[in-house]
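All remarks here apply to the structure that follows.
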Amino acid sequence: MQPLLDVFGTGRELLAWHGHGEDADAMTIVAPGRPGVWNTFQPAQAPVGLWLQRDTRPADGLLADLLRALPGPALMLGLTQCDPMLTSRPAGPHSFDYIETARITLQGTFDDYWNARGKNLRNNLKKQRNRLRQDGIATRLEIVRDPALMAAAVADYGQLETSGWKASEGTAVAADNDQGRFYRAMLEAFARRDAASVYRYWFDGPDGPRLAAMDLCVEGGGCIVILKTAYDEALGPQLSPALLMREEATRGLFDEGRFERIEFYGRVMEWHTRWTDEIRTMYHLNGYRWPWLGRLHALAARRAGDVSAAPPAPAATATGS
């Protein structure tokens, strides 16, 4: 959380918590939005909403109490990017679909998992491996976990992204931009707790090693979360280095048995559906200072046909952070 605040915070964020006396049962970071509206602090780099809760009950019962503690005329509090696997989604008109996301449950053996994938995927990657072998190229998967190596790993990742389509859109990670500074600080901090891993995938050929693809990952709660993936787009359309890396990395995760699942936490893409059929819908949740205000807002949104009239969501008693 600290790297997110250091790099993407505005200084207006508040630490917020809910509880009785010193016994807190929920905690979050909130930021002001439109007049009267607060939302959980939600930089694009955070895969889920910054909401810590003691149990899995729906969070809507906590939001009205938190609103009363926020400064100014706080009328609505939005809790963003909630995972229904972690926090139950309440019934009613105040929760809104966010995106569908995918995961892979690491049960059984990799061979059983892989044989359940589509024939086209398995054959396509097998053909690519045969082509690489014929060209004298061996693949090599390297996993970096040392905090002292994270800066170089993020710099390598940035070189892959800045040489691809993200560079033209201005969204690429680079060692010297805000995204690069964030990922370096965040991964170093996680790695000091043995909870970060960076995957480098190499093509070792006659001309020497070539970095083909990379994953930036964090670990915890029984899962590994793949935050970002990049690959060498110059390798051409006949090769899928990120998918080749994903196959080898997934095999290793099955074999190690350290985790229960792989989380992607991004919007489901077509390639996700070839790797898993475990797809769920994340959601935003709004809380209102008074119940009638929520009903009025829902009615206005329905009449306007605009579900997005309800801002994205967050959390819980407030003090400056």
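Following the order of the structure tokens, chains are lettered A, B, ..., residues in each are numbered from 1, and ligands are numbered from 1.
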Once you count only C-alpha atoms, what closest atom pair and distance in Å to one decimal does each residue of stretch 48-94 of chain A within 12 Å of stretch 293-303 of chain A have, with rows by chain and rising residue number, as a tab-separated table?
residue	atom	partner	partner_atom	distance
A:Asp60	CA	A:Gly294	CA	11.6
A:Leu63	CA	A:Gly294	CA	11.9
A:Ala64	CA	A:Gly294	CA	10.6
A:Ala74	CA	A:Leu293	CA	11.9
A:Leu75	CA	A:Leu293	CA	8.1
A:Met76	CA	A:Gly294	CA	8.4
A:Leu77	CA	A:Gly294	CA	10.7
A:Gly78	CA	A:Gly294	CA	11.7
A:Gly92	CA	A:Ala298	CA	9.9
A:Pro93	CA	A:Ala298	CA	6.5
A:His94	CA	A:Ala298	CA	7.2
Using only C-alpha atoms, tabulate the residues of stretch 26-131 of chain A lying at most 8 Å from any atom of stretch 227-243 of chain A, each with its closest atom pair and that distance in Å to one decimal, by chain and increasing residue number, as JSON lines.
{"residue": "A:Pro47", "atom": "CA", "partner": "A:Leu227", "partner_atom": "CA", "distance": 7.4}
{"residue": "A:Leu125", "atom": "CA", "partner": "A:Leu243", "partner_atom": "CA", "distance": 7.8}
{"residue": "A:Gln128", "atom": "CA", "partner": "A:Leu239", "partner_atom": "CA", "distance": 6.3}
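Counting only C-alpha atoms and comparing A:Gly158, A:Pro291, A:Gly164, A:Gly108, the residue that lies closest to A:Asp255 is A:Gly108.
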Excluding same-chain residues fewer than 3 positions from A:Ser197, what lies within 9 Å of it counting only C-alpha atoms, as a PDB file with N, CA and C atoms, in the first residue's frame?
ATOM      1  N   ILE A 143      13.175 -17.745 -12.430  1.00  0.00           N
ATOM      2  CA  ILE A 143      12.301 -17.144 -11.424  1.00  0.00           C
ATOM      3  C   ILE A 143      13.163 -16.336 -10.456  1.00  0.00           C
ATOM      4  N   VAL A 144      12.881 -15.045 -10.350  1.00  0.00           N
ATOM      5  CA  VAL A 144      13.643 -14.128  -9.506  1.00  0.00           C
ATOM      6  C   VAL A 144      12.830 -13.853  -8.243  1.00  0.00           C
ATOM      7  N   ARG A 145      13.455 -14.033  -7.066  1.00  0.00           N
ATOM      8  CA  ARG A 145      12.773 -13.783  -5.800  1.00  0.00           C
ATOM      9  C   ARG A 145      13.587 -12.867  -4.871  1.00  0.00           C
ATOM     10  N   ASP A 146      14.809 -12.590  -5.211  1.00  0.00           N
ATOM     11  CA  ASP A 146      15.719 -11.814  -4.360  1.00  0.00           C
ATOM     12  C   ASP A 146      15.346 -10.323  -4.432  1.00  0.00           C
ATOM     13  N   MET A 150      15.187  -7.064  -7.880  1.00  0.00           N
ATOM     14  CA  MET A 150      13.907  -6.592  -8.408  1.00  0.00           C
ATOM     15  C   MET A 150      14.053  -5.352  -9.287  1.00  0.00           C
ATOM     16  N   LEU A 187       7.564  -4.578  -5.406  1.00  0.00           N
ATOM     17  CA  LEU A 187       8.132  -5.927  -5.498  1.00  0.00           C
ATOM     18  C   LEU A 187       9.282  -6.124  -4.517  1.00  0.00           C
ATOM     19  N   PHE A 190       7.584  -6.792  -1.145  1.00  0.00           N
ATOM     20  CA  PHE A 190       7.024  -8.141  -1.090  1.00  0.00           C
ATOM     21  C   PHE A 190       8.135  -9.193  -1.039  1.00  0.00           C
ATOM     22  N   ALA A 191       9.194  -8.968  -1.805  1.00  0.00           N
ATOM     23  CA  ALA A 191      10.278  -9.954  -1.850  1.00  0.00           C
ATOM     24  C   ALA A 191      10.969 -10.072  -0.497  1.00  0.00           C
ATOM     25  N   ASP A 194       9.430 -12.686   1.184  1.00  0.00           N
ATOM     26  CA  ASP A 194       9.378 -13.901   0.379  1.00  0.00           C
ATOM     27  C   ASP A 194       8.007 -14.078  -0.252  1.00  0.00           C
ATOM     28  N   ASP A 215       6.655 -12.122 -16.426  1.00  0.00           N
ATOM     29  CA  ASP A 215       5.513 -11.924 -15.535  1.00  0.00           C
ATOM     30  C   ASP A 215       6.001 -11.236 -14.271  1.00  0.00           C
ATOM     31  N   LEU A 216       5.211 -10.291 -13.746  1.00  0.00           N
ATOM     32  CA  LEU A 216       5.438  -9.708 -12.430  1.00  0.00           C
ATOM     33  C   LEU A 216       4.347 -10.239 -11.505  1.00  0.00           C
ATOM     34  N   CYS A 217       4.734 -10.861 -10.392  1.00  0.00           N
ATOM     35  CA  CYS A 217       3.765 -11.558  -9.540  1.00  0.00           C
ATOM     36  C   CYS A 217       3.965 -11.219  -8.065  1.00  0.00           C
ATOM     37  N   VAL A 218       2.861 -11.267  -7.311  1.00  0.00           N
ATOM     38  CA  VAL A 218       2.914 -11.240  -5.859  1.00  0.00           C
ATOM     39  C   VAL A 218       2.192 -12.471  -5.336  1.00  0.00           C
ATOM     40  N   GLU A 219       2.485 -12.827  -4.096  1.00  0.00           N
ATOM     41  CA  GLU A 219       1.998 -14.091  -3.547  1.00  0.00           C
ATOM     42  C   GLU A 219       1.423 -13.871  -2.153  1.00  0.00           C
ATOM     43  N   ILE A 224      -1.014 -17.102  -6.102  1.00  0.00           N
ATOM     44  CA  ILE A 224      -0.041 -16.253  -6.782  1.00  0.00           C
ATOM     45  C   ILE A 224      -0.837 -15.396  -7.754  1.00  0.00           C
TER      46      ILE A 224
END
(message) If DSSP is run on the backbone, what residues of stretch 15-54 of chain A are strand (DSSP E)? A reply as a list of chain:residue names would be ideal.
(response)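 The residues of stretch 15-54 of chain A classed as strand (DSSP E) are A:Leu15, A:Ala16, A:Trp17, A:His18, A:Gly19, A:His20, A:Asp23, A:Ala24, A:Asp25, A:Ala26, A:Met27, A:Thr28, A:Ile29, A:Val30, A:Ala31, A:Pro32, A:Val37, A:Trp38, A:Asn39, A:Thr40, A:Trp51, A:Leu52, A:Gln53.
Every protein, DNA or RNA residue with an atom at most 7 Å from stretch 24-36 of chain A, where only C-alpha atoms count and chain neighbours fewer than 6 positions away do not, is listed here: Arg12, Glu13, Leu14, Leu15, Ala16, Trp17, His18, Leu50, Trp51, Leu52, Gln53, Arg54, Pro73, Ala74, Leu75, Met76, Pro314, Ala315 and Ala316 of chain A.
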Q) Quick one: DSSP alpha helix (DSSP H) residues in stretch 89-298 of chain A, as a PyMOL selection string? A) chain A and resi 110-115+119-134+150-162+165-169+178-192+241-256+270-275+291-298
Using only C-alpha atoms, the shortest atom-to-atom distance to A:Gln179 among A:Pro147, A:Gly19, A:Gly136, A:Pro3 belongs to A:Pro3
Q. Which neighbours of stretch 277-282 of chain A fall inside 9 Å, counting only C-alpha atoms, when residues of the same chain fewer than 4 positions from it are skipped, and could you give them as a PyMOL selection string?
A. chain A and resi 48+81-85+96-105+265+268+272-273
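Note that the spacing between atom CA of A:Val225 and atom CA of A:Arg261 amounts to 8.7 Å.
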Between A:Ala195, A:Asp207, A:His284, A:Met214, smallest distance to A:Phe259 by only C-alpha atoms belongs to A:Ala195
